[in-house]
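File shown: upload-v6.cif. Contents: mmCIF, C-alpha atoms and all ligand atoms.
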data_my_file
#
loop_
_atom_site.label_atom_id
_atom_site.label_comp_id
_atom_site.auth_asym_id
_atom_site.auth_seq_id
_atom_site.Cartn_x
_atom_site.Cartn_y
_atom_site.Cartn_z
CA MET A 11 0.00 0.00 0.00
CA SER A 12 1.38 3.41 -0.99
CA PHE A 13 0.04 6.95 -0.75
CA LYS A 14 0.04 7.03 -4.53
CA SER A 15 -2.25 4.03 -4.80
CA LEU A 16 -4.75 5.82 -2.58
CA GLY A 17 -5.24 8.28 -5.42
CA LEU A 18 -3.68 11.41 -3.96
CA SER A 19 -2.38 14.04 -6.37
CA GLU A 20 1.25 14.67 -7.26
CA PRO A 21 1.72 17.87 -5.18
CA LEU A 22 0.42 16.03 -2.13
CA LEU A 23 2.69 13.04 -2.73
CA ARG A 24 5.63 15.43 -2.86
CA ALA A 25 4.65 17.00 0.46
CA ILE A 26 4.19 13.56 1.99
CA SER A 27 7.63 12.39 0.98
CA LYS A 28 9.14 15.66 2.15
CA LYS A 29 7.57 14.93 5.51
CA GLY A 30 9.26 11.54 5.45
CA TYR A 31 6.20 9.31 5.43
CA GLU A 32 6.69 6.15 3.42
CA ILE A 33 3.47 4.23 3.82
CA PRO A 34 0.00 5.25 4.96
CA SER A 35 -0.89 4.27 8.50
CA PRO A 36 -3.80 1.80 8.78
CA ILE A 37 -6.36 4.51 9.56
CA GLN A 38 -5.08 6.63 6.67
CA ALA A 39 -5.34 3.69 4.28
CA LYS A 40 -8.92 3.12 5.38
CA ALA A 41 -10.16 6.71 5.63
CA ILE A 42 -8.56 8.44 2.64
CA PRO A 43 -10.39 6.58 -0.19
CA PRO A 44 -13.96 7.21 1.05
CA VAL A 45 -13.14 10.85 1.80
CA LEU A 46 -11.83 11.24 -1.75
CA GLU A 47 -15.10 9.79 -3.01
CA GLY A 48 -16.91 12.62 -1.26
CA LYS A 49 -18.51 10.43 1.38
CA ASP A 50 -19.16 11.30 5.00
CA VAL A 51 -16.72 9.37 7.16
CA LEU A 52 -16.58 8.37 10.80
CA ALA A 53 -13.07 7.25 11.69
CA SER A 54 -11.70 6.02 14.97
CA ALA A 55 -8.18 4.97 15.88
CA GLN A 56 -6.15 5.56 18.99
CA THR A 57 -4.01 8.64 19.60
CA GLY A 58 -0.82 8.82 17.58
CA THR A 59 -2.00 6.80 14.60
CA GLY A 60 -1.94 9.64 12.07
CA LYS A 61 -5.56 10.69 11.97
CA THR A 62 -4.67 14.29 11.05
CA ALA A 63 -3.23 13.32 7.69
CA GLY A 64 -6.14 10.90 7.32
CA PHE A 65 -8.51 13.81 6.80
CA THR A 66 -6.16 16.61 5.77
CA LEU A 67 -4.66 14.92 2.71
CA PRO A 68 -7.92 13.99 0.97
CA LEU A 69 -9.48 17.31 1.99
CA LEU A 70 -6.66 19.21 0.29
CA HIS A 71 -6.96 16.95 -2.74
CA LEU A 72 -10.67 17.69 -3.08
CA LEU A 73 -10.33 21.45 -2.64
CA SER A 74 -7.46 21.72 -5.11
CA GLU A 75 -9.45 19.84 -7.75
CA ASN A 76 -11.70 22.82 -8.20
CA PRO A 77 -9.83 25.91 -7.08
CA LYS A 78 -11.44 29.26 -6.26
CA GLU A 79 -8.43 31.44 -6.65
CA LYS A 80 -9.88 34.92 -6.93
CA TYR A 81 -12.31 35.26 -4.09
CA ARG A 82 -11.64 32.70 -1.41
CA PRO A 83 -14.53 31.81 0.87
CA ILE A 84 -13.89 29.34 3.68
CA ARG A 85 -14.48 26.01 1.97
CA ALA A 86 -13.21 23.66 4.66
CA LEU A 87 -13.62 24.00 8.41
CA ILE A 88 -11.63 21.85 10.80
CA LEU A 89 -12.84 22.07 14.39
CA THR A 90 -10.54 20.94 17.21
CA PRO A 91 -11.06 21.10 21.00
CA THR A 92 -7.92 22.90 22.20
CA ARG A 93 -5.59 25.65 21.08
CA GLU A 94 -2.61 23.33 20.96
CA LEU A 95 -4.43 20.87 18.76
CA ALA A 96 -5.63 23.65 16.48
CA ALA A 97 -2.05 24.87 16.13
CA GLN A 98 -0.80 21.35 15.42
CA VAL A 99 -3.44 20.59 12.84
CA TYR A 100 -2.80 23.93 11.17
CA ALA A 101 0.94 23.19 11.03
CA ASN A 102 0.07 19.92 9.27
CA VAL A 103 -2.29 21.65 6.84
CA LYS A 104 0.50 24.09 5.96
CA GLU A 105 3.02 21.35 5.36
CA TYR A 106 0.77 19.15 3.26
CA SER A 107 -0.47 22.08 1.16
CA GLU A 108 3.00 23.48 0.47
CA PHE A 109 2.84 22.61 -3.26
CA LEU A 110 -0.82 23.51 -3.73
CA ASN A 111 -2.41 26.85 -4.36
CA LEU A 112 -4.55 26.83 -1.23
CA ARG A 113 -4.59 29.24 1.67
CA SER A 114 -5.28 28.39 5.28
CA THR A 115 -5.25 29.88 8.73
CA VAL A 116 -6.04 29.06 12.33
CA VAL A 117 -8.12 30.80 15.00
CA PHE A 118 -8.29 30.09 18.71
CA GLY A 119 -8.92 32.01 21.92
CA GLY A 120 -6.48 33.44 24.41
CA VAL A 121 -4.76 35.66 21.87
CA ASN A 122 -5.64 38.89 20.08
CA GLN A 123 -8.35 38.30 17.48
CA LYS A 124 -7.32 41.13 15.14
CA PRO A 125 -4.56 39.35 13.20
CA GLN A 126 -6.85 36.32 12.89
CA ALA A 127 -9.70 38.39 11.50
CA ALA A 128 -7.34 40.18 9.11
CA LYS A 129 -6.05 36.89 7.73
CA ILE A 130 -9.59 35.64 7.15
CA ARG A 131 -10.56 38.87 5.42
CA GLN A 132 -7.79 38.30 2.88
CA GLY A 133 -9.43 35.00 1.97
CA VAL A 134 -8.62 31.48 3.13
CA ASP A 135 -9.76 28.14 1.73
CA ILE A 136 -9.22 26.19 4.93
CA LEU A 137 -9.91 27.34 8.47
CA VAL A 138 -8.73 25.43 11.55
CA ALA A 139 -10.53 26.60 14.68
CA THR A 140 -11.54 26.00 18.26
CA PRO A 141 -15.28 26.43 18.84
CA GLY A 142 -15.25 29.45 21.19
CA ARG A 143 -13.21 31.83 19.05
CA LEU A 144 -14.89 30.65 15.86
CA ILE A 145 -18.34 31.50 17.23
CA ASP A 146 -17.06 34.80 18.60
CA LEU A 147 -15.72 35.86 15.22
CA GLU A 148 -18.87 34.75 13.44
CA ASN A 149 -21.04 36.67 15.91
CA GLN A 150 -19.07 39.79 15.10
CA GLY A 151 -19.54 39.25 11.39
CA LEU A 152 -15.83 38.72 10.88
CA LEU A 153 -16.20 35.41 9.09
CA SER A 154 -18.80 33.42 7.24
CA LEU A 155 -19.22 29.67 7.07
CA LYS A 156 -21.92 29.84 4.40
CA ARG A 157 -19.64 28.41 1.71
CA VAL A 158 -18.20 25.49 3.67
CA GLU A 159 -18.03 22.34 1.55
CA ILE A 160 -16.17 20.06 3.98
CA PHE A 161 -16.56 20.03 7.75
CA VAL A 162 -14.14 18.09 9.95
CA LEU A 163 -14.70 17.40 13.61
CA ASP A 164 -11.32 16.32 14.93
CA GLU A 165 -10.82 14.65 18.32
CA ALA A 166 -14.58 14.32 18.59
CA ASP A 167 -14.40 12.40 21.86
CA ARG A 168 -12.37 15.16 23.46
CA MET A 169 -14.89 17.69 22.19
CA LEU A 170 -17.64 15.91 24.05
CA ASP A 171 -15.50 15.50 27.17
CA MET A 172 -14.90 19.22 27.22
CA GLY A 173 -18.57 20.02 26.93
CA PHE A 174 -18.52 21.44 23.41
CA LEU A 175 -21.69 19.72 22.21
CA ARG A 176 -23.76 22.91 22.17
CA ASP A 177 -21.02 24.82 20.40
CA ILE A 178 -20.77 22.13 17.74
CA GLU A 179 -24.50 22.31 17.18
CA ARG A 180 -24.31 26.06 16.80
CA VAL A 181 -21.46 25.83 14.32
CA MET A 182 -23.41 23.32 12.24
CA LYS A 183 -26.26 25.80 11.87
CA LEU A 184 -23.85 28.30 10.33
CA MET A 185 -22.90 26.02 7.44
CA PRO A 186 -24.87 25.02 4.35
CA ASP A 187 -26.84 21.79 4.71
CA LYS A 188 -25.21 20.25 1.70
CA ARG A 189 -21.63 19.50 2.66
CA GLN A 190 -19.26 16.63 3.33
CA ASN A 191 -18.75 15.75 7.00
CA LEU A 192 -15.83 13.95 8.59
CA MET A 193 -15.58 12.92 12.19
CA PHE A 194 -12.36 11.62 13.74
CA SER A 195 -12.06 10.24 17.23
CA ALA A 196 -9.62 8.27 19.38
CA THR A 197 -12.40 6.34 21.04
CA PHE A 198 -15.69 5.06 19.84
CA SER A 199 -18.32 5.39 22.53
CA LYS A 200 -22.09 5.51 22.59
CA ASP A 201 -21.95 9.31 22.83
CA ILE A 202 -19.74 9.47 19.76
CA LYS A 203 -22.17 7.33 17.81
CA LYS A 204 -25.01 9.59 18.89
CA LEU A 205 -23.13 12.68 17.77
CA ALA A 206 -22.21 11.00 14.49
CA TYR A 207 -25.86 10.33 13.87
CA THR A 208 -26.66 14.04 14.08
CA ILE A 209 -23.67 15.25 12.03
CA LEU A 210 -23.06 12.64 9.36
CA ASN A 211 -25.13 11.49 6.38
CA ASN A 212 -24.84 7.83 5.47
CA PRO A 213 -21.32 7.70 6.82
CA VAL A 214 -18.68 5.17 5.92
CA GLN A 215 -17.32 3.93 9.20
CA VAL A 216 -13.65 3.02 9.47
CA GLU A 217 -11.70 1.80 12.45
CA ALA A 218 -8.11 0.79 12.98
CA THR A 219 -7.03 -1.12 16.00
CA PRO A 220 -3.30 -1.68 16.34
CA GLU A 221 -2.05 -5.25 16.34
CA ASN A 222 -0.19 -4.67 19.55
CA THR A 223 -2.24 -2.52 21.79
CA ALA A 224 -0.26 0.06 23.70
CA VAL A 225 -0.65 -1.78 26.96
CA GLU A 226 1.09 -4.81 25.55
CA ILE A 227 4.22 -3.16 24.17
CA ILE A 228 4.75 -0.73 27.01
CA GLU A 229 6.68 -1.80 30.05
CA GLN A 230 4.58 -0.93 33.05
CA LYS A 231 5.61 -0.71 36.67
CA VAL A 232 4.02 0.36 39.92
CA TYR A 233 5.97 1.76 42.85
CA ARG A 234 4.07 1.48 46.08
CA VAL A 235 5.03 4.56 48.07
CA ALA A 236 3.84 6.73 50.95
CA LYS A 237 1.93 9.73 49.67
CA GLY A 238 4.33 12.18 51.31
CA LYS A 239 7.35 10.49 49.74
CA LYS A 240 6.22 10.61 46.12
CA THR A 241 8.08 13.82 45.31
CA GLY A 242 11.32 12.46 46.74
CA LEU A 243 10.91 9.21 44.81
CA ILE A 244 10.16 10.81 41.46
CA ILE A 245 13.19 13.09 41.78
CA LYS A 246 15.35 10.10 42.65
CA LEU A 247 14.07 8.06 39.68
CA ILE A 248 14.56 10.86 37.18
CA SER A 249 18.00 11.91 38.37
CA GLU A 250 19.45 8.46 39.02
CA GLY A 251 18.00 7.07 35.83
CA ASN A 252 19.29 10.16 34.04
CA TRP A 253 15.98 10.31 32.20
CA LYS A 254 15.79 13.05 29.61
CA GLN A 255 12.25 13.47 28.33
CA VAL A 256 9.73 12.63 30.98
CA LEU A 257 6.00 13.28 30.83
CA VAL A 258 4.46 13.35 34.31
CA PHE A 259 0.72 13.22 34.90
CA ASN A 260 -1.06 14.87 37.77
CA ARG A 261 -4.76 14.89 38.43
CA THR A 262 -5.00 18.53 39.42
CA LYS A 263 -3.61 21.82 38.19
CA HIS A 264 -2.55 22.76 41.68
CA GLY A 265 -0.68 19.47 42.10
CA ALA A 266 1.02 19.94 38.74
CA ASN A 267 2.27 23.39 39.71
CA LYS A 268 3.54 22.23 43.07
CA LEU A 269 5.39 19.25 41.65
CA CYS A 270 6.90 21.42 38.96
CA LYS A 271 8.26 23.83 41.58
CA ASN A 272 9.74 20.98 43.60
CA MET A 273 11.47 19.57 40.52
CA ILE A 274 13.01 22.90 39.72
CA SER A 275 14.22 23.25 43.33
CA ALA A 276 15.88 19.86 42.92
CA GLY A 277 17.70 21.11 39.83
CA ILE A 278 15.54 19.35 37.23
CA SER A 279 14.22 21.61 34.48
CA ALA A 280 10.44 21.28 34.44
CA ALA A 281 7.36 23.01 33.12
CA ALA A 282 3.66 22.53 33.78
CA ILE A 283 0.93 22.47 31.17
CA HIS A 284 -2.71 22.80 32.14
CA GLY A 285 -5.85 24.82 31.56
CA ASN A 286 -4.93 27.74 33.82
CA LYS A 287 -1.71 28.49 31.95
CA SER A 288 -1.72 31.26 29.40
CA GLN A 289 -1.45 30.32 25.76
CA GLY A 290 2.10 31.70 25.65
CA ALA A 291 3.19 29.68 28.67
CA ARG A 292 1.72 26.48 27.25
CA THR A 293 3.31 26.91 23.84
CA LYS A 294 6.64 27.72 25.44
CA ALA A 295 6.48 24.70 27.76
CA LEU A 296 5.65 22.37 24.90
CA ALA A 297 8.36 23.78 22.64
CA GLY A 298 10.94 23.50 25.43
CA PHE A 299 9.95 19.92 26.07
CA LYS A 300 10.23 19.04 22.39
CA ASN A 301 13.63 20.68 21.95
CA GLY A 302 15.07 19.19 25.13
CA SER A 303 15.53 22.33 27.22
CA VAL A 304 12.67 21.21 29.48
CA ARG A 305 13.37 17.77 30.87
CA VAL A 306 10.09 17.15 32.65
CA LEU A 307 6.66 18.19 31.46
CA VAL A 308 4.02 17.98 34.17
CA ALA A 309 0.55 17.78 32.69
CA THR A 310 -3.06 17.21 33.59
CA ASP A 311 -5.09 14.75 31.53
CA ILE A 312 -7.11 17.30 29.59
CA ALA A 313 -4.07 19.41 28.76
CA ALA A 314 -2.12 16.43 27.47
CA ARG A 315 -4.77 14.73 25.36
CA GLY A 316 -4.03 14.67 21.70
CA LEU A 317 -0.79 16.61 21.95
CA ASP A 318 1.67 15.43 19.38
CA ILE A 319 4.80 14.64 21.36
CA PRO A 320 6.31 11.69 19.55
CA LEU A 321 8.40 8.90 21.02
CA LEU A 322 8.50 9.47 24.72
CA PRO A 323 10.76 7.09 26.59
CA HIS A 324 9.18 7.71 30.00
CA VAL A 325 5.73 8.45 31.27
CA ILE A 326 5.16 8.74 35.01
CA ASN A 327 1.82 8.79 36.75
CA PHE A 328 2.53 10.87 39.82
CA GLU A 329 -1.06 10.11 40.69
CA LEU A 330 -3.23 7.46 39.12
CA PRO A 331 -6.23 8.76 37.20
CA ASN A 332 -9.59 8.04 38.76
CA ILE A 333 -10.91 7.16 35.31
CA SER A 334 -9.22 3.96 34.17
CA GLU A 335 -9.39 4.81 30.45
CA ASP A 336 -7.22 7.84 31.13
CA TYR A 337 -4.45 5.48 32.26
CA VAL A 338 -4.44 3.87 28.83
CA HIS A 339 -4.38 7.28 27.15
CA ARG A 340 -1.52 8.42 29.36
CA ILE A 341 0.74 5.43 28.87
CA GLY A 342 -0.07 5.41 25.15
CA ARG A 343 2.32 8.37 25.01
CA THR A 344 5.29 6.04 25.19
CA GLY A 345 4.22 3.58 22.53
CA ARG A 346 4.16 5.81 19.46
CA ALA A 347 5.41 4.62 16.10
CA GLY A 348 5.97 1.15 17.49
CA ALA A 349 8.85 2.23 19.73
CA SER A 350 8.45 0.86 23.21
CA GLY A 351 8.66 2.87 26.39
CA GLU A 352 8.28 2.68 30.09
CA ALA A 353 5.27 3.75 32.11
CA ILE A 354 5.68 4.12 35.84
CA SER A 355 2.98 4.77 38.40
CA LEU A 356 3.56 6.02 41.93
CA VAL A 357 0.73 4.56 43.96
CA SER A 358 -0.17 5.47 47.52
CA ALA A 359 -2.59 3.56 49.74
CA ASP A 360 -5.55 5.76 48.87
CA GLU A 361 -5.13 4.92 45.17
CA THR A 362 -5.45 1.19 45.69
CA SER A 363 -8.95 0.99 44.24
CA PHE A 364 -7.91 3.04 41.17
CA LEU A 365 -5.11 0.55 40.55
CA ARG A 366 -7.51 -2.35 40.85
CA ASP A 367 -9.88 -0.76 38.32
CA ILE A 368 -7.03 -0.11 35.89
CA GLU A 369 -5.78 -3.68 36.10
CA LYS A 370 -9.28 -4.88 35.43
CA LEU A 371 -9.56 -2.67 32.36
CA ILE A 372 -6.22 -3.63 30.82
CA ASP A 373 -6.71 -7.21 31.92
CA MET A 374 -3.25 -7.64 33.37
CA LYS A 375 -1.42 -7.34 36.67
CA ILE A 376 1.23 -4.64 36.80
CA ASP A 377 4.53 -5.48 38.52
CA VAL A 378 4.91 -3.82 41.90
CA GLU A 379 8.14 -2.60 43.45
CA VAL A 380 9.12 -0.74 46.59
CA VAL A 381 12.21 1.46 46.79
CA GLU A 382 14.17 1.47 50.03
CA GLY A 383 13.56 4.67 51.93
CA PHE A 384 10.33 5.29 50.04
CA GLU A 385 8.19 2.54 51.50
CA PRO A 386 4.41 2.83 51.64
CA ASP A 387 2.90 3.98 54.90
CA PRO A 388 1.36 0.88 56.53
CA ASN A 389 -1.04 3.03 58.55
CA ALA A 390 -2.37 5.10 55.66
CA SER A 391 -6.03 4.81 54.78
CA ARG A 392 -7.02 2.93 51.67
CA GLU A 393 -10.08 5.11 51.26
CA PRO A 394 -10.03 6.71 47.81
CA ILE A 395 -9.07 10.36 47.61
CA LYS A 396 -11.93 12.82 47.35
CA GLN A 397 -12.60 13.73 43.78
CA GLY A 398 -13.62 17.35 44.03
CA GLN A 399 -11.21 18.62 41.40
CA GLY A 400 -10.77 15.62 39.19
CA ARG A 401 -12.29 14.64 35.90
CA SER A 402 -15.24 12.90 37.49
CA GLN A 403 -17.17 16.12 37.09
CA THR A 404 -16.29 16.28 33.46
CA ARG A 405 -17.66 12.87 32.69
CA SER A 406 -20.81 13.29 34.65
CA ARG A 407 -21.42 16.75 33.29
CA ASN A 408 -24.69 17.32 31.62
CA SER A 409 -24.26 19.53 28.64
CA SER A 410 -27.86 20.65 28.79
CA GLN A 411 -27.00 22.40 32.03
CA ARG A 412 -24.60 24.61 30.23
CA ASN A 413 -25.57 28.11 29.50
CA SER A 414 -26.40 28.21 25.83
CA GLY A 415 -27.08 31.93 25.53
CA ASN A 416 -25.23 33.42 22.63
CA SER A 417 -24.02 36.72 23.98
CA LYS A 418 -20.27 37.00 24.03
CA ASN A 419 -20.39 37.30 27.76
CA SER A 420 -21.98 33.97 28.30
CA ASN A 421 -19.45 32.43 25.98
CA ARG A 422 -16.70 33.79 28.08
CA ASN A 423 -18.32 32.52 31.25
CA GLN A 424 -18.63 29.10 29.75
CA SER A 425 -15.03 28.87 28.83
CA ARG A 426 -14.00 30.16 32.21
CA ARG A 427 -16.09 27.53 33.89
CA ARG A 428 -14.58 24.98 31.60
CA SER A 429 -11.03 25.82 32.50
CA ASP A 430 -11.87 26.12 36.18
CA ASN A 431 -13.09 22.58 36.35
CA ARG A 432 -10.79 20.84 33.98
CA GLY A 433 -7.09 20.31 33.55
P1 LIG B 501 -3.57 11.26 15.90
O1 LIG B 501 -4.37 12.44 15.44
O2 LIG B 501 -4.12 9.95 15.42
O3 LIG B 501 -3.33 11.25 17.37
P2 LIG B 501 -1.38 12.51 14.51
O4 LIG B 501 -2.07 12.87 13.28
O5 LIG B 501 -1.13 13.61 15.50
O6 LIG B 501 -2.11 11.32 15.25
O7 LIG B 501 0.00 11.80 14.11
C1 LIG B 501 0.88 11.28 15.06
C2 LIG B 501 2.31 11.29 14.55
O8 LIG B 501 2.48 10.36 13.49
C3 LIG B 501 2.72 12.64 13.97
O9 LIG B 501 4.01 12.94 14.45
C4 LIG B 501 2.71 12.41 12.48
O10 LIG B 501 3.64 13.27 11.84
C5 LIG B 501 3.09 10.96 12.37
N1 LIG B 501 2.58 10.30 11.14
C6 LIG B 501 1.35 10.47 10.60
N2 LIG B 501 1.19 9.70 9.50
C7 LIG B 501 2.36 9.04 9.32
C8 LIG B 501 2.82 8.09 8.34
N3 LIG B 501 2.05 7.67 7.33
N4 LIG B 501 4.09 7.62 8.47
C9 LIG B 501 4.86 8.04 9.51
N5 LIG B 501 4.49 8.92 10.45
C10 LIG B 501 3.25 9.41 10.37
MG MG B 502 -5.39 13.93 16.31
#
File written out as structure tokens:
Amino acid sequence: MSFKSLGLSEPLLRAISKKGYEIPSPIQAKAIPPVLEGKDVLASAQTGTGKTAGFTLPLLHLLSENPKEKYRPIRALILTPTRELAAQVYANVKEYSEFLNLRSTVVFGGVNQKPQAAKIRQGVDILVATPGRLIDLENQGLLSLKRVEIFVLDEADRMLDMGFLRDIERVMKLMPDKRQNLMFSATFSKDIKKLAYTILNNPVQVEATPENTAVEIIEQKVYRVAKGKKTGLIIKLISEGNWKQVLVFNRTKHGANKLCKNMISAGISAAAIHGNKSQGARTKALAGFKNGSVRVLVATDIAARGLDIPLLPHVINFELPNISEDYVHRIGRTGRAGASGEAISLVSADETSFLRDIEKLIDMKIDVEVVEGFEPDPNASREPIKQGQGRSQTRSRNSSQRNSGNSKNSNRNQSRRRSDNRG
């Protein structure tokens, strides 16, 4: 199987080989042909399997087949849940369209809207956007979606997790009824199917499940440790192991900040990434982590989802997630592109039930070790930690409770509430 045999045009094949891809990933091989045929597609495959190119390549092919070079209305809209993802998808769109005469841009909140509006006014064929800023700009009459031919909902599961259902519905009303719809998701739940039913027409459904699931190729280990000794243990592991690129997961923003500070005090360069950080701080942290100047990235689940950080040798769960599926998402960060990695969890007594749930989900027992000097506290309670700030709220949220007024103010309140509750 080659990209050429999928029917992609010459300029796209050039961009693909410049990017260094040799063969399509399984989800690309399955999704690209029906998209090229103009069909609605529902595609699911786990994080890191190349879904972005799965919709971007055929989308660019279709748009370039009948160019609108003079006046450029927005002909393709790609909706993503977070700023980072929007930026990543846009970077991909730019790369793949290098040899085509198509223009694109990206809009997201947290930064000045003026340059974004100016770029749109000049005419773009493809717009990558997060829902909040998109709706804001549309409300102000700064963009129109009336000429959209292809609509892509990327990371659809994350969209639902973050409570964007209402926003998606509003965006759909702004586009013409006759259009091609693509929905991409890492997971395939009942909620996703329900959403697909409202967005897609007669969709072709494609799925790719890896031969070796992440949990099988990743080396997993649990350190039983007293809660108060976790910081000491993680610093010891990272410094003695001389680990270079370590992604650490925390359940709360506050915990992530605190751990980050402690790492820095211990002489380990670290940065935190979560919903309360400014856009600038998040971009800087991510860039530093990718280029090696930041050794440890401390993240919350929401902030880390979908981020393209390839080939991580080490993932550490400073705290176990209270939602077992999140464990699989977290450790999946080490298994990209078939390279194996190590996933370590520091587990205190009060996380015992979380560990049990995780082992049930992945259907295997994880090896347990204890490090001398960092033993678990035999008197500690095994009662689970209270979940006031965790994701439990997110999952049990009821989107109908959300304020759906369309004044700008209520939009802002919504997003504030969102980032207050979530990573
Ligand atoms: P997903 O959206 O499924 O999580 P991405 O689209 O972010 O995955 O891709 C994950 C990584 O895989 C990116 O670094 C991307 O450049 C790379 N990639 C995508 N397609 C291919 C391919 N055909 N061959 C090699 N690498 C690829
Ligand atoms: Mg993706």
Using only C-alpha atoms: which of A:Asn286, A:Ile160, A:Leu152, A:Ile228 has the shortest distance to A:Pro125: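 Checking each candidate against A:Pro125, we get A:Leu152 as the closest.
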Kindly work out which residues sit at most 9 Å from ligand LIG 501 (chain B), using only C-alpha atoms and all ligand atoms, and give the list as a PyMOL selection string. chain A and resi 13+26+29-39+54-64+95+98-99+102+164-165+194-196+315-321+346-347
Between A:Asp135, A:Glu217, A:Asp171, A:Asp311, which one has atoms that come closest to A:Ile341, using all atoms listed in the file?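 Among A:Asp135, A:Glu217, A:Asp171, A:Asp311, it is A:Asp311 that comes nearest to A:Ile341.
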Within 10 Å of file point (5.2, 20.0, -1.6), counting all atoms listed in the file, expressed as an mmCIF file with C-alpha atoms, in the coordinates of the input:
data_model
loop_
_atom_site.group_PDB
_atom_site.id
_atom_site.type_symbol
_atom_site.label_atom_id
_atom_site.label_comp_id
_atom_site.auth_asym_id
_atom_site.auth_seq_id
_atom_site.Cartn_x
_atom_site.Cartn_y
_atom_site.Cartn_z
ATOM 1 C CA GLU A 20 1.250 14.670 -7.260
ATOM 2 C CA PRO A 21 1.720 17.870 -5.180
ATOM 3 C CA LEU A 22 0.420 16.030 -2.130
ATOM 4 C CA LEU A 23 2.690 13.040 -2.730
ATOM 5 C CA ARG A 24 5.630 15.430 -2.860
ATOM 6 C CA ALA A 25 4.650 17.000 0.460
ATOM 7 C CA ILE A 26 4.190 13.560 1.990
ATOM 8 C CA SER A 27 7.630 12.390 0.980
ATOM 9 C CA LYS A 28 9.140 15.660 2.150
ATOM 10 C CA LYS A 29 7.570 14.930 5.510
ATOM 11 C CA LYS A 104 0.500 24.090 5.960
ATOM 12 C CA GLU A 105 3.020 21.350 5.360
ATOM 13 C CA TYR A 106 0.770 19.150 3.260
ATOM 14 C CA SER A 107 -0.470 22.080 1.160
ATOM 15 C CA GLU A 108 3.000 23.480 0.470
ATOM 16 C CA PHE A 109 2.840 22.610 -3.260
ATOM 17 C CA LEU A 110 -0.820 23.510 -3.730
#
Which residue of A:Val51, A:Leu147, A:Ala97, A:Leu69 approaches ligand MG 502 (chain B) most closely, using all atoms listed in the file: A:Ala97
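The smallest atom-to-atom distance between ligand MG 502 (chain B) and any of A:Ala281, A:Leu16, A:Ile248, A:Leu89, using all atoms listed in the file, is found for A:Leu89.
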Would you mind listing what lies within 7 Å of stretch 381-397 of chain A as a PyMOL selection string, with only C-alpha atoms counted and same-chain residues fewer than 3 positions away left out? chain A and resi 234-236+239+243+358-363+400+402
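Distances from A:Val378, A:Met185, A:Ile245, A:Ala53 to ligand MG 502 (chain B) were compared using all atoms listed in the file, and the smallest one belongs to A:Ala53.
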Could you pull stretch 178-186 of chain A out of the block above and give me N, CA, C and O atoms, as a PDB file, in the first residue's frame?
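Output below, filename part.pdb:
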ATOM      1  N   ILE A 178     -20.801  22.850  19.016  1.00  0.00           N
ATOM      2  CA  ILE A 178     -20.766  22.131  17.737  1.00  0.00           C
ATOM      3  C   ILE A 178     -22.105  22.300  17.020  1.00  0.00           C
ATOM      4  O   ILE A 178     -22.157  22.578  15.823  1.00  0.00           O
ATOM      5  N   GLU A 179     -23.169  22.159  17.787  1.00  0.00           N
ATOM      6  CA  GLU A 179     -24.497  22.306  17.184  1.00  0.00           C
ATOM      7  C   GLU A 179     -24.692  23.706  16.604  1.00  0.00           C
ATOM      8  O   GLU A 179     -25.269  23.881  15.534  1.00  0.00           O
ATOM      9  N   ARG A 180     -24.187  24.689  17.308  1.00  0.00           N
ATOM     10  CA  ARG A 180     -24.312  26.062  16.804  1.00  0.00           C
ATOM     11  C   ARG A 180     -23.506  26.263  15.531  1.00  0.00           C
ATOM     12  O   ARG A 180     -23.961  26.909  14.587  1.00  0.00           O
ATOM     13  N   VAL A 181     -22.302  25.692  15.514  1.00  0.00           N
ATOM     14  CA  VAL A 181     -21.457  25.834  14.322  1.00  0.00           C
ATOM     15  C   VAL A 181     -22.130  25.175  13.120  1.00  0.00           C
ATOM     16  O   VAL A 181     -22.114  25.705  12.006  1.00  0.00           O
ATOM     17  N   MET A 182     -22.775  24.032  13.365  1.00  0.00           N
ATOM     18  CA  MET A 182     -23.409  23.324  12.238  1.00  0.00           C
ATOM     19  C   MET A 182     -24.503  24.160  11.589  1.00  0.00           C
ATOM     20  O   MET A 182     -24.717  24.093  10.383  1.00  0.00           O
ATOM     21  N   LYS A 183     -25.186  24.959  12.406  1.00  0.00           N
ATOM     22  CA  LYS A 183     -26.263  25.802  11.868  1.00  0.00           C
ATOM     23  C   LYS A 183     -25.725  26.917  10.969  1.00  0.00           C
ATOM     24  O   LYS A 183     -26.476  27.528  10.216  1.00  0.00           O
ATOM     25  N   LEU A 184     -24.438  27.195  11.102  1.00  0.00           N
ATOM     26  CA  LEU A 184     -23.851  28.299  10.327  1.00  0.00           C
ATOM     27  C   LEU A 184     -23.365  27.854   8.945  1.00  0.00           C
ATOM     28  O   LEU A 184     -22.944  28.668   8.142  1.00  0.00           O
ATOM     29  N   MET A 185     -23.417  26.540   8.714  1.00  0.00           N
ATOM     30  CA  MET A 185     -22.896  26.018   7.441  1.00  0.00           C
ATOM     31  C   MET A 185     -24.054  25.585   6.546  1.00  0.00           C
ATOM     32  O   MET A 185     -25.145  25.309   7.032  1.00  0.00           O
ATOM     33  N   PRO A 186     -23.808  25.501   5.237  1.00  0.00           N
ATOM     34  CA  PRO A 186     -24.872  25.016   4.347  1.00  0.00           C
ATOM     35  C   PRO A 186     -25.211  23.564   4.677  1.00  0.00           C
ATOM     36  O   PRO A 186     -24.351  22.820   5.170  1.00  0.00           O
TER      37      PRO A 186
END
